[in-house]
Amino acid sequence: MDLSAFYNQFHEETTENIRVLGAGLLALEATSDAAQHRAELDRVFRAIHTIKGSARMLGFELVGRLAHAMESALDDLRQGRREFDRTLADALFQSGDAILNLSNAAISSQPAPSDAEALIARLLPEAAQRAPSVAVTPTPIAEPVLIPERPTADRPAPRQTVRVRVDRLDRMLNLAGELVISQQVFGNHADQLQALQQISQQQVHALQALSDELTRLRFSTTQRQALDQRLTALQHAHTEAQQLVQRQAGRFARHVNQHENLVRDLEQEVMAARLLPIATVYSSLPRAIRDLAATTGKELHLELLGETTELDRKVLELINDPLMHLVRNAADHGIELPEVRKAAGKPARGTISVKAEATGGDVQVIVSDDGRGIDPQRIRDRALQMGLISADVATHMSDLEALDLTFLPGLSTAATVSSISGRGVGMDVVRANINELGGQVRIESQLGHGTRVVLSLPLTLVTTRVLLVRVGRTMLALPATGCRGTIWVHQAQLRNLEGRPTIDIEDRTISVQPLADALGLSVDPNLTYAARRPAVLVGNLQRMLAFTVDALLDEREVVVKPLGPLFAAWRVYSGAVQLGDGSLVLLLNPTTLTQEGPRRAPTIMSITPQQQRRLLVVDDSFTTRELIRSILASAGYDVQAAVDGADALDKLRARPYDLVVSDVEMPRIDGLTLTTQIRSDPQLDSLPVVLITSLASDEHRRRGLEAGAQAYIVKSQFNQDGLLEVIQQLLGYEG
C-alpha cells in the first residue's frame, strides 16, 4: 500500500500536536494549581502519543522513537517519578522542534537531523535507558472524565468539517475573482442599454420634428394620406422598439442586481473558507518570548489580544516572519533590563503586547512595548553617519519622518550585534512583506515610554482597490493602498531644488516627475499641457513623490493577475488587472517607483504617425499577448493581435504588416510552422519574424532560426528595452 497519500495529513496533524505541546508546556511553567497541572500534562501526553502512533504506522522510525522518549518523560511526570523543571521543559521544547524537522525530512526523503539521538538521551533517565526495550508497551492514556448528558434537544449539533487542499481554495478564489470581473462586464452592458434608451428617446423627438415639418408643406390629398400612413407605421414601429428596449433594460437590470448579490455572497463564502484566526500565528510567540527572556536576562510578559480575529491564509503566511521580527526587536531593543526599569520607576517585568482588530475591510495588528522607546535624533545621526541622508535633510526632518528611517536597509542603532538583532536587517523586510500584501506599516514611539508598530493589512486578497490613470495613450493602475492622495500641480507652483522640480505641500517639499518619464513611456512631442495637471502622491513619510499624469480615470475593485516569468525583471510592475471590457492594465508597484527615484526615460525613438508601422503579436496566452501588445502600442506602433498561428496567417493575408512577434508553443499552428509558412509565401517572405518563447535550449534556438526567424528571445532573459531595440533594428530605424 502506498502510504505517501497520508503524508500531508500526518504533517498537518503533527504540526497541530506540536502546537498543543508548546502551549501546554508554557501553561505548566505558569501554573501552580495541581488540577490544572494534571490536565495540561494529560493534554500534552495525548498529543505526543498520537504523533508516536502515526509515525510508526507510516514507518517514520526516528520520529516514533523520539516521540516515545517524550511520552516516557511525560508519563514519569504524571506518575510523580520526575519533577517538571526548566531543563526538562527545554528538552521537550527542543524535541518538539526536532519532530517537525524529522517529519519534514522523512516526507521529502532528506537526511535526518543529527540531534535526535542526543535529545532521546536527555529525555530518558538512566534507569529507563537501562530498561529492556525488546517489547515496548505504550503507556495507556488516562481514562476521560465522563460528563452527564444534558437534555438532548438543547445540545447543539456537531459541526461537520472536511479537509480541502489549499490549491483548490486558491482556484476557488481565482474563480470568484473572475466572477467579479464578469459583474463589471454586465455593468457595461447595462450602461449600453441605458444609452440605447436615450438614443430611442432622441428618435422620438426627431420623428415628431419631421412630422411637424411635413405638416407645413403642401401635398396633394393622395400624397398626404401616403405620408401620414408612413409616419404612423414608423411611429408605431418605433413605439414597439422603445417598449422592447425598456422591458429588456428592466429585466437585465434585475438580472444584474441578482448576479451582483450572488457574486457578493459567493465571494464572502470563498473568503470565509480561506480565513483563519490570527491565533495560528500567535502560537509561536509565547515560546519565542520564553527563549528571549532566558537569552537577554530580561523579565518579559507577553499579552496576546484579538486571537479570534480572522485573516486570509495567504496574509497570515506573509506576516508570520515580520510579526516574529517585531516581537524580537521589542524584547531586544525595547524592553530594558530589570535593574534599569526599576531605576526608571517601572516594573521590573516589561510587557510586550500584540493586538489584532478588524476595522472595516482591513485588520490592524499592533505590536507595542513599554520599553525605552526610540530616540529620533539618534536615528537621524546614524542615518547621516551611514550616508543615507544629507545634513540638510536631517535638519529639516520631523521626528515622525526620522522614525520612518528605521525601515531603510542596513540602518541599526544597536551598540552591539547579537544573535537576536543589531545587523540592520529586518525592518526593511518587514515593510517589503507588508507592501507586497497591499498593506502599510508605521512606527509610533515616545522616548522612555515605549513603541508601537502598526500593521494595516487587507482582510482578504480576493480583490484589490486600484486607481486608474492615463499617461499618453496608456492606461495604468496604482493600488489604492500605495497612494497617499491626489493633487493638482500648477505650473506656477513648481520650483527647482537640486535640479529637480518640486512643490510644497503641508510644509513638505516633494519632488514632482511625470509618470511617463519614470516608466520610460513615449509621449507625443507636440503635446502641450495645461497650466495644471493631476498628480498622484506615492511613497511614505521618509520619501514622497508626486507623479503627474494626463488624467485620473476611476477607482474600482479589481482582481490582480500575476505577470509570470516573462515580466519578472520589471520590478516596477506588480501584476495586471482585467477591466470589464476585457482589456488588461498594468498594475504599478509604488515601492519600486519611489525606491528607484526620478529618472529620465530611456532613449527609445519616437514614432510619428507618418512613420507608424503595423505589427502583429501572436500568442495563445491572453495575458502575455495583451501585455506585449500594450508595450508595443506604448512605443508608438499600430499593433494587432492573433490567438495562434492559424489566426495570424488569416490576418497576414488580409492586410499588410511590417513585423510579426510570435510565441512558439501554440495550438493549431505553432510559431515555428508559422515562420516556415511565412517564408514560403511569396507575398510574405520578407516579413521580419521575432520569436519569444520559454524554450531556451540551443536546439530550439537553432530550429527557430532555421525556420526563418530574424530574432529568438528567451522569456527568462526578456526585457522591454531589448525587444524594442530588436524591432527598431529589424524595421531599419537609426538608433
# chains A, B, ... in the order shown; residues from 1 in each chain; ligands from 1
$ residues_around --residues "Glu16 (chain A)" --least-positions-apart "3" --cutoff "12 Å" --atoms "only C-alpha atoms" --output "PyMOL selection string"
chain A and resi 9-13+19-23+44+47-48+50-51+96+100+280+283-284
$ write_last_selection --atoms "C-alpha atoms" --output "CSV table (one decimal), in the first residue's frame"
chain,number,residue,atom,x,y,z
A,9,GLN,CA,-2.4,14.7,6.7
A,10,PHE,CA,0.3,13.4,9.1
A,11,HIS,CA,2.2,16.7,8.6
A,12,GLU,CA,-0.8,18.8,9.4
A,13,GLU,CA,-1.8,16.6,12.4
A,19,ARG,CA,1.5,23.5,18.9
A,20,VAL,CA,-0.5,21.8,21.7
A,21,LEU,CA,2.8,20.6,23.2
A,22,GLY,CA,4.2,24.2,23.2
A,23,ALA,CA,1.1,25.7,24.7
A,44,VAL,CA,0.3,17.2,26.1
A,47,ALA,CA,-0.7,14.9,21.6
A,48,ILE,CA,2.7,13.1,21.8
A,50,THR,CA,-0.8,10.5,18.7
A,51,ILE,CA,2.4,11.5,17.0
A,96,GLY,CA,9.1,19.2,19.5
A,100,LEU,CA,8.8,18.8,12.9
A,280,THR,CA,-2.4,30.4,14.4
A,283,SER,CA,1.0,30.3,18.7
A,284,SER,CA,4.8,30.6,18.2
$ residues_around --residues "region 208-220 of chain A" --least-positions-apart "5" --cutoff "12 Å" --atoms "only C-alpha atoms" --output "number ranges by chain"
A: 201-203, 225-232, 234-235, 238
$ write_last_selection --atoms "all heavy atoms" --output "short mmCIF file (atom, residue, chain, number, x, y, z; two decimals), in the first residue's frame"
data_model
loop_
_atom_site.label_atom_id
_atom_site.label_comp_id
_atom_site.auth_asym_id
_atom_site.auth_seq_id
_atom_site.Cartn_x
_atom_site.Cartn_y
_atom_site.Cartn_z
N GLN A 201 -35.11 57.74 -27.26
CA GLN A 201 -35.86 58.95 -26.91
C GLN A 201 -35.54 60.08 -27.88
O GLN A 201 -36.43 60.87 -28.24
CB GLN A 201 -35.51 59.36 -25.47
CG GLN A 201 -36.42 60.44 -24.90
CD GLN A 201 -37.88 60.00 -24.84
OE1 GLN A 201 -38.17 58.83 -24.55
NE2 GLN A 201 -38.81 60.90 -25.13
N GLN A 202 -34.29 60.16 -28.31
CA GLN A 202 -33.93 61.19 -29.30
C GLN A 202 -34.66 60.96 -30.62
O GLN A 202 -35.05 61.91 -31.30
CB GLN A 202 -32.41 61.18 -29.51
CG GLN A 202 -31.61 61.64 -28.30
CD GLN A 202 -30.12 61.43 -28.48
OE1 GLN A 202 -29.67 60.94 -29.53
NE2 GLN A 202 -29.34 61.76 -27.46
N GLN A 203 -34.85 59.68 -30.97
CA GLN A 203 -35.58 59.38 -32.20
C GLN A 203 -37.03 59.82 -32.11
O GLN A 203 -37.63 60.25 -33.10
CB GLN A 203 -35.51 57.87 -32.49
CG GLN A 203 -34.15 57.41 -32.98
CD GLN A 203 -34.13 55.95 -33.30
OE1 GLN A 203 -34.83 55.16 -32.67
NE2 GLN A 203 -33.34 55.55 -34.29
N GLN A 225 -52.12 61.47 -47.53
CA GLN A 225 -52.54 60.20 -46.94
C GLN A 225 -51.39 59.19 -46.89
O GLN A 225 -51.20 58.48 -45.89
CB GLN A 225 -53.72 59.63 -47.74
CG GLN A 225 -55.00 60.42 -47.57
CD GLN A 225 -56.12 59.89 -48.44
OE1 GLN A 225 -55.89 59.09 -49.35
NE2 GLN A 225 -57.35 60.35 -48.18
N ALA A 226 -50.60 59.12 -47.97
CA ALA A 226 -49.47 58.19 -48.02
C ALA A 226 -48.41 58.55 -46.97
O ALA A 226 -47.89 57.67 -46.27
CB ALA A 226 -48.84 58.19 -49.42
N LEU A 227 -48.14 59.87 -46.83
CA LEU A 227 -47.16 60.30 -45.83
C LEU A 227 -47.64 60.00 -44.41
O LEU A 227 -46.88 59.55 -43.56
CB LEU A 227 -46.87 61.80 -45.98
CG LEU A 227 -45.93 62.21 -47.12
CD1 LEU A 227 -45.89 63.73 -47.26
CD2 LEU A 227 -44.53 61.66 -46.88
N ASP A 228 -48.94 60.27 -44.18
CA ASP A 228 -49.48 60.00 -42.85
C ASP A 228 -49.40 58.52 -42.51
O ASP A 228 -49.10 58.14 -41.36
CB ASP A 228 -50.93 60.48 -42.77
CG ASP A 228 -51.02 62.00 -42.75
OD1 ASP A 228 -49.98 62.65 -42.48
OD2 ASP A 228 -52.12 62.54 -43.01
N GLN A 229 -49.70 57.66 -43.51
CA GLN A 229 -49.61 56.22 -43.26
C GLN A 229 -48.18 55.80 -42.93
O GLN A 229 -47.94 55.01 -42.01
CB GLN A 229 -50.12 55.45 -44.50
CG GLN A 229 -51.62 55.55 -44.70
CD GLN A 229 -52.07 54.85 -45.97
OE1 GLN A 229 -51.25 54.40 -46.76
NE2 GLN A 229 -53.38 54.75 -46.17
N ARG A 230 -47.22 56.36 -43.71
CA ARG A 230 -45.81 56.03 -43.47
C ARG A 230 -45.36 56.49 -42.08
O ARG A 230 -44.69 55.76 -41.35
CB ARG A 230 -44.93 56.70 -44.53
CG ARG A 230 -45.18 56.21 -45.94
CD ARG A 230 -44.58 54.85 -46.17
NE ARG A 230 -44.72 54.44 -47.56
CZ ARG A 230 -44.31 53.29 -48.05
NH1 ARG A 230 -43.77 52.41 -47.23
NH2 ARG A 230 -44.48 52.99 -49.32
N LEU A 231 -45.76 57.72 -41.72
CA LEU A 231 -45.38 58.26 -40.41
C LEU A 231 -46.01 57.46 -39.28
O LEU A 231 -45.37 57.18 -38.26
CB LEU A 231 -45.78 59.73 -40.31
CG LEU A 231 -44.90 60.74 -41.05
CD1 LEU A 231 -45.51 62.14 -41.00
CD2 LEU A 231 -43.49 60.76 -40.44
N THR A 232 -47.28 57.11 -39.47
CA THR A 232 -47.96 56.33 -38.43
C THR A 232 -47.29 54.97 -38.23
O THR A 232 -47.08 54.52 -37.10
CB THR A 232 -49.44 56.14 -38.80
OG1 THR A 232 -50.07 57.43 -38.91
CG2 THR A 232 -50.15 55.33 -37.74
N LEU A 234 -44.20 54.21 -38.99
CA LEU A 234 -42.87 54.43 -38.41
C LEU A 234 -42.96 54.69 -36.91
O LEU A 234 -42.18 54.15 -36.11
CB LEU A 234 -42.18 55.60 -39.12
CG LEU A 234 -40.72 55.89 -38.73
CD1 LEU A 234 -39.85 54.67 -38.99
CD2 LEU A 234 -40.20 57.09 -39.51
N GLN A 235 -43.93 55.52 -36.51
CA GLN A 235 -44.10 55.82 -35.08
C GLN A 235 -44.54 54.57 -34.30
O GLN A 235 -44.09 54.33 -33.18
CB GLN A 235 -45.13 56.94 -34.90
CG GLN A 235 -44.61 58.30 -35.37
CD GLN A 235 -45.69 59.36 -35.36
OE1 GLN A 235 -46.89 59.04 -35.34
NE2 GLN A 235 -45.29 60.62 -35.42
N HIS A 238 -41.52 52.34 -33.99
CA HIS A 238 -40.58 52.89 -33.01
C HIS A 238 -41.11 52.73 -31.59
O HIS A 238 -40.35 52.45 -30.66
CB HIS A 238 -40.32 54.37 -33.30
CG HIS A 238 -39.34 54.97 -32.34
ND1 HIS A 238 -39.72 55.60 -31.17
CD2 HIS A 238 -37.99 55.01 -32.36
CE1 HIS A 238 -38.66 56.00 -30.52
NE2 HIS A 238 -37.59 55.67 -31.22
#
$ atom_distance --atom1 "CA of Arg508 (chain A)" --atom2 "CA of Met544 (chain A)"
9.3 Å
$ select_by_dssp --residues "region 188-406 of chain A" --states "alpha helix (DSSP H)" --output "ChimeraX atom specification"
/A:188-215,221-274,279-282,285-296,313-329,338-343,376-385,391-396,399-404
$ residues_around --residues "Thr481 (chain A)" --least-positions-apart "2" --cutoff "7 Å" --atoms "only C-alpha atoms" --output "ChimeraX atom specification"
/A:438-439,479,483
$ write_last_selection --atoms "N, CA and C atoms" --output "PDB file, in the first residue's frame"
ATOM      1  N   GLY A 438      -0.160  44.696  -0.030  1.00  0.00           N
ATOM      2  CA  GLY A 438      -1.006  45.862  -0.221  1.00  0.00           C
ATOM      3  C   GLY A 438      -1.354  46.544   1.081  1.00  0.00           C
ATOM      4  N   GLY A 439      -0.544  46.310   2.115  1.00  0.00           N
ATOM      5  CA  GLY A 439      -0.789  46.925   3.414  1.00  0.00           C
ATOM      6  C   GLY A 439       0.178  48.054   3.692  1.00  0.00           C
ATOM      7  N   PRO A 479      -2.252  50.628  -6.882  1.00  0.00           N
ATOM      8  CA  PRO A 479      -3.028  50.158  -5.733  1.00  0.00           C
ATOM      9  C   PRO A 479      -3.409  51.319  -4.836  1.00  0.00           C
ATOM     10  N   CYS A 483      -1.270  54.742  -2.623  1.00  0.00           N
ATOM     11  CA  CYS A 483      -1.445  56.158  -2.969  1.00  0.00           C
ATOM     12  C   CYS A 483      -1.734  56.959  -1.707  1.00  0.00           C
TER      13      CYS A 483
END
$ residues_around --residues "Arg465 (chain A)" --least-positions-apart "3" --cutoff "6 Å" --atoms "only C-alpha atoms" --output "list in words"
Ala480, Arg556 and Glu557 of chain A
$ residues_around --residues "Leu92 (chain A)" --least-positions-apart "3" --cutoff "8 Å" --atoms "only C-alpha atoms" --output "PDB file with N, CA and C atoms, in the first residue's frame"
ATOM      1  N   MET A  70       9.724  11.211  24.570  1.00  0.00           N
ATOM      2  CA  MET A  70       8.970  12.319  25.156  1.00  0.00           C
ATOM      3  C   MET A  70       7.798  11.795  25.968  1.00  0.00           C
ATOM      4  N   LEU A  88      14.038  20.061  31.860  1.00  0.00           N
ATOM      5  CA  LEU A  88      13.157  19.129  31.161  1.00  0.00           C
ATOM      6  C   LEU A  88      12.278  19.862  30.156  1.00  0.00           C
ATOM      7  N   ALA A  89      11.794  21.039  30.537  1.00  0.00           N
ATOM      8  CA  ALA A  89      10.960  21.823  29.615  1.00  0.00           C
ATOM      9  C   ALA A  89      11.737  22.167  28.350  1.00  0.00           C
ATOM     10  N   SER A  95      12.710  18.940  21.540  1.00  0.00           N
ATOM     11  CA  SER A  95      12.270  17.686  20.922  1.00  0.00           C
ATOM     12  C   SER A  95      11.073  17.926  20.004  1.00  0.00           C
ATOM     13  N   GLY A  96      10.195  18.816  20.411  1.00  0.00           N
ATOM     14  CA  GLY A  96       9.067  19.163  19.539  1.00  0.00           C
ATOM     15  C   GLY A  96       9.542  19.771  18.236  1.00  0.00           C
ATOM     16  N   LEU A 123      16.067  13.030  27.389  1.00  0.00           N
ATOM     17  CA  LEU A 123      14.697  12.825  27.871  1.00  0.00           C
ATOM     18  C   LEU A 123      14.579  11.593  28.754  1.00  0.00           C
TER      19      LEU A 123
END
$ atom_distance --atom1 "CA of Asn589 (chain A)" --atom2 "CA of Leu459 (chain A)"
20.0 Å
$ closest_residue --among "A:Ser456, A:Leu478, A:Met271, A:Tyr7" --to "Arg313 (chain A)" --atoms "only C-alpha atoms"
A:Met271
$ closest_residue --among "A:Arg78, A:Val166, A:Ala116, A:Met475" --to "Asn8 (chain A)" --atoms "only C-alpha atoms"
A:Val166
$ residues_around --residues "Ala642 (chain A)" --least-positions-apart "3" --cutoff "6 Å" --atoms "only C-alpha atoms" --output "count of residues only"
3
